[in-house]
Amino acid sequence: MQLDLTWLAGAAALIEPAYWTARGTRDASLPLAIPEANDRAEVPRKVGRRFEDVHRYALERTPGVRVLAANETLRAERRTLGEVDVLYRHEGVVVHREVAIKYYLAARPGREASAWVGPGRRDRLDLKLERLATHQTTLARRAKAMNAWPDHLPFPERTEVLLLGALFSPPEDIRLPEHANADIEHGRWYEATDFRARFGAERWAILEKPWWLSPQHARHAPVVRAAALAESLRGPRFVCRIRSPDERAFVVPDGWWKDLPSAQ
């Protein structure tokens, strides 16, 4: 966890703060502590759950912060409204924070958020932003309007979003989506044939979930030659170039992007 805590303290937000301000919420700006961690703890298999665990561990140990609830499910009339990721108090202010880690590939032309697709093809940047703005960050207000806010918790005075991750462009069409933070990690994605032709005998580390947060995990990852990886590829793989430890990329099967579901 220590590598991920250090990464978290300096990670750039995926989306610029003005985007959230215009939608009635805020970008998370509270500096997080970098505490000493026990790396013997059980590690979840999903990268999203790993991120939540790392974030909560850091937030609970940040001076002046008291975490009041985490992953709090809200229900009204036997219906689940949603889950509050984190509720915390800092300097007397109660804050509802939604957190997420996302990795998107520019799979369609243009700078619209709908052009950026998750490696599993089931997720899109525009859909995630819409859900954060209209569902997740409005959850507390909707629960209160339905008299479903828990009695044992104070009502938040503001909401904020901590959305981290990385974006990846094809090598011949390097771009970022509208509203993206210019400081976000911005790598490349390659089809298998192109990857083999470009890098051949070069060695790359394969990054398995949940070790996607800190690039430093590549030091302990299995290593293969680019040609061998391309030839055995069955689905998208997250990789890191050995001779350039901060250069992370996705390798996808040939034609991975051609039959994506409609963005409409």
# chains A, B, ... in the order shown; residues from 1 in each chain; ligands from 1
$ closest_atom_pairs --of "stretch 85-119 of chain A" --to "stretch 126-135 of chain A" --cutoff "12 Å" --atoms "only C-alpha atoms" --output "CSV"
residue,atom,partner,partner_atom,distance
A:Asp85,CA,A:Leu132,CA,11.6
A:Arg97,CA,A:Leu132,CA,10.7
A:Glu98,CA,A:Leu132,CA,7.8
A:Val99,CA,A:Leu132,CA,9.4
A:Ala100,CA,A:Lys128,CA,9.5
A:Ile101,CA,A:Lys128,CA,10.7
A:Lys102,CA,A:Lys128,CA,9.1
A:Tyr103,CA,A:Lys128,CA,11.3
A:Tyr104,CA,A:Asp126,CA,10.6
A:Arg111,CA,A:Asp126,CA,11.1
A:Glu112,CA,A:Asp126,CA,8.0
A:Ala113,CA,A:Asp126,CA,4.8
A:Ser114,CA,A:Asp126,CA,5.0
A:Ala115,CA,A:Asp126,CA,8.3
A:Trp116,CA,A:Asp126,CA,7.8
A:Val117,CA,A:Asp126,CA,9.0
A:Gly118,CA,A:Lys128,CA,10.5
$ atom_distance --atom1 "atom CA of A:His179" --atom2 "atom CA of A:Gly235"
29.2 Å
$ residues_around --residues "stretch 153-169 of chain A" --least-positions-apart "3" --cutoff "7 Å" --atoms "only C-alpha atoms" --output "ChimeraX atom specification"
/A:12-14,25-28,93-106,137,150,173-175,184-189
$ residues_around --residues "A:Glu77" --least-positions-apart "2" --cutoff "12 Å" --atoms "only C-alpha atoms" --output "MDAnalysis selection string"
chainID A and resid 74:75 79:81 143 146:148
$ write_last_selection --atoms "N, CA, C and O atoms" --output "CSV table (one decimal), in the first residue's frame"
chain,number,residue,atom,x,y,z
A,74,LEU,N,-27.9,4.1,1.2
A,74,LEU,CA,-29.1,4.8,1.5
A,74,LEU,C,-30.3,4.2,0.9
A,74,LEU,O,-30.3,3.8,-0.3
A,75,ARG,N,-31.3,4.0,1.7
A,75,ARG,CA,-32.6,3.4,1.2
A,75,ARG,C,-33.8,4.2,1.6
A,75,ARG,O,-33.8,4.8,2.6
A,79,ARG,N,-36.4,0.8,-1.3
A,79,ARG,CA,-35.6,1.0,-2.5
A,79,ARG,C,-34.2,1.5,-2.2
A,79,ARG,O,-34.1,2.5,-1.4
A,80,THR,N,-33.2,1.0,-2.8
A,80,THR,CA,-31.9,1.5,-2.6
A,80,THR,C,-31.7,2.7,-3.5
A,80,THR,O,-31.8,2.7,-4.7
A,81,LEU,N,-31.3,3.8,-2.9
A,81,LEU,CA,-31.0,5.1,-3.6
A,81,LEU,C,-29.6,5.1,-4.1
A,81,LEU,O,-29.4,5.7,-5.2
A,143,ALA,N,-31.9,12.0,-0.8
A,143,ALA,CA,-32.2,11.2,0.4
A,143,ALA,C,-32.9,12.1,1.4
A,143,ALA,O,-33.9,11.6,2.0
A,146,MET,N,-36.5,12.8,0.7
A,146,MET,CA,-37.4,11.6,0.9
A,146,MET,C,-37.3,11.1,2.3
A,146,MET,O,-37.8,10.0,2.6
A,147,ASN,N,-36.8,12.0,3.2
A,147,ASN,CA,-36.7,11.6,4.6
A,147,ASN,C,-35.9,10.3,4.8
A,147,ASN,O,-36.3,9.5,5.7
A,148,ALA,N,-34.9,10.1,4.0
A,148,ALA,CA,-34.1,8.9,4.1
A,148,ALA,C,-32.7,9.1,4.5
A,148,ALA,O,-31.9,8.1,4.5
$ select_by_dssp --residues "stretch 86-251 of chain A" --states "strand (DSSP E)" --output "ChimeraX atom specification"
/A:86-90,93-106,116-117,158-169,185-191,203-206,223-225,237-241,248-251
$ residues_around --residues "A:Arg219" --least-positions-apart "2" --cutoff "9 Å" --atoms "only C-alpha atoms" --output "list of chain:residue names"
A:Ala205, A:Pro215, A:Gln216, A:His217, A:Ala221, A:Pro222, A:Ile242, A:Pro245
$ write_last_selection --atoms "all heavy atoms" --output "compact mmCIF listing (two decimals), in the first residue's frame"
# COMPACT_ATOMS: atom_id res chain seq x y z
N ALA A 205 6.58 -4.68 -18.79
CA ALA A 205 5.97 -5.30 -17.60
C ALA A 205 4.46 -5.35 -17.78
O ALA A 205 3.85 -4.41 -18.29
CB ALA A 205 6.32 -4.49 -16.36
N PRO A 215 2.63 3.73 -10.80
CA PRO A 215 3.51 3.16 -11.83
C PRO A 215 4.67 2.36 -11.24
O PRO A 215 5.25 1.51 -11.93
CB PRO A 215 4.02 4.39 -12.58
CG PRO A 215 2.97 5.43 -12.37
CD PRO A 215 2.46 5.18 -10.97
N GLN A 216 4.98 2.59 -9.97
CA GLN A 216 6.10 1.90 -9.35
C GLN A 216 5.85 0.40 -9.16
O GLN A 216 6.79 -0.37 -8.94
CB GLN A 216 6.43 2.55 -8.00
CG GLN A 216 6.88 3.99 -8.10
CD GLN A 216 8.12 4.14 -8.99
OE1 GLN A 216 9.08 3.38 -8.87
NE2 GLN A 216 8.08 5.11 -9.88
N HIS A 217 4.61 -0.03 -9.28
CA HIS A 217 4.32 -1.47 -9.18
C HIS A 217 4.97 -2.26 -10.32
O HIS A 217 5.12 -3.48 -10.22
CB HIS A 217 2.82 -1.72 -9.17
CG HIS A 217 2.15 -1.35 -7.89
ND1 HIS A 217 2.51 -1.90 -6.67
CD2 HIS A 217 1.13 -0.49 -7.63
CE1 HIS A 217 1.74 -1.40 -5.72
NE2 HIS A 217 0.90 -0.54 -6.27
N ALA A 221 6.39 -6.51 -11.38
CA ALA A 221 5.47 -7.17 -12.29
C ALA A 221 6.20 -8.14 -13.22
O ALA A 221 7.40 -7.98 -13.49
CB ALA A 221 4.73 -6.12 -13.12
N PRO A 222 5.50 -9.16 -13.73
CA PRO A 222 6.12 -10.07 -14.70
C PRO A 222 6.46 -9.32 -15.99
O PRO A 222 5.77 -8.38 -16.38
CB PRO A 222 5.03 -11.12 -14.94
CG PRO A 222 3.76 -10.47 -14.52
CD PRO A 222 4.11 -9.52 -13.42
N ILE A 242 9.82 -1.14 -19.71
CA ILE A 242 10.87 -1.36 -18.73
C ILE A 242 11.94 -0.26 -18.78
O ILE A 242 12.39 0.24 -17.75
CB ILE A 242 11.53 -2.73 -18.92
CG1 ILE A 242 10.53 -3.84 -18.60
CG2 ILE A 242 12.77 -2.88 -18.05
CD1 ILE A 242 10.01 -3.81 -17.18
N PRO A 245 10.17 3.68 -17.02
CA PRO A 245 9.21 3.22 -16.02
C PRO A 245 7.91 4.01 -15.93
O PRO A 245 6.92 3.48 -15.43
CB PRO A 245 10.00 3.31 -14.71
CG PRO A 245 11.43 3.23 -15.12
CD PRO A 245 11.51 3.93 -16.44
$ atom_distance --atom1 "atom CA of A:Thr193" --atom2 "atom CA of A:Trp256"
11.8 Å
$ closest_atom_pairs --of "stretch 145-243 of chain A" --to "stretch 43-56 of chain A" --cutoff "10 Å" --atoms "only C-alpha atoms" --output "Markdown table"
| residue | atom | partner | partner_atom | distance |
| --- | --- | --- | --- | --- |
| A:Leu162 | CA | A:His55 | CA | 9.7 |
| A:Leu164 | CA | A:Phe51 | CA | 9.4 |
| A:Glu208 | CA | A:Val47 | CA | 9.3 |
| A:Lys209 | CA | A:Val47 | CA | 5.7 |
| A:Pro210 | CA | A:Val47 | CA | 4.2 |
| A:Trp211 | CA | A:Val47 | CA | 7.1 |
| A:Trp212 | CA | A:Val47 | CA | 6.7 |
| A:Leu213 | CA | A:Phe51 | CA | 7.4 |
$ atom_distance --atom1 "atom CA of A:Asn38" --atom2 "atom CA of A:Gln2"
7.8 Å
$ residues_around --residues "A:Gly64" --least-positions-apart "4" --cutoff "9 Å" --atoms "only C-alpha atoms" --output "PyMOL selection string"
chain A and resi 89-91
$ write_last_selection --atoms "C-alpha atoms" --output "CSV table (one decimal), in the first residue's frame"
chain,number,residue,atom,x,y,z
A,89,ARG,CA,-15.6,16.3,8.8
A,90,HIS,CA,-12.8,18.8,8.3
A,91,GLU,CA,-12.4,22.1,10.2
$ select_by_dssp --residues "stretch 5-47 of chain A" --states "helix (DSSP H, G or I)" --output "list in words"
Leu5, Thr6, Trp7, Leu8, Ala9, Gly10, Pro17, Ala18, Tyr19, Trp20, Thr21 and Val47 of chain A
$ residues_around --residues "A:Phe195" --least-positions-apart "2" --cutoff "10 Å" --atoms "only C-alpha atoms" --output "JSON list (two decimals) with C-alpha atoms, in the first residue's frame"
[["chain", "number", "residue", "atom", "x", "y", "z"],
["A", 189, "TRP", "CA", -2.78, 2.50, -26.69],
["A", 190, "TYR", "CA", -1.67, 0.15, -29.45],
["A", 191, "GLU", "CA", -3.28, -2.60, -31.48],
["A", 192, "ALA", "CA", -1.37, -5.86, -31.14],
["A", 193, "THR", "CA", 0.13, -5.85, -34.64],
["A", 197, "ALA", "CA", 6.05, -3.88, -35.11],
["A", 198, "ARG", "CA", 7.07, -0.90, -32.99],
["A", 199, "PHE", "CA", 8.68, -2.63, -30.03],
["A", 200, "GLY", "CA", 9.55, -6.19, -31.12],
["A", 226, "ALA", "CA", 6.54, -7.02, -26.87],
["A", 227, "ALA", "CA", 6.32, -9.55, -29.71],
["A", 229, "LEU", "CA", 2.77, -10.34, -25.63],
["A", 230, "ALA", "CA", 1.19, -9.32, -28.95],
["A", 250, "PHE", "CA", -2.63, -0.42, -23.19],
["A", 251, "VAL", "CA", -2.25, -3.13, -25.83],
["A", 252, "VAL", "CA", -5.53, -4.26, -27.39]]
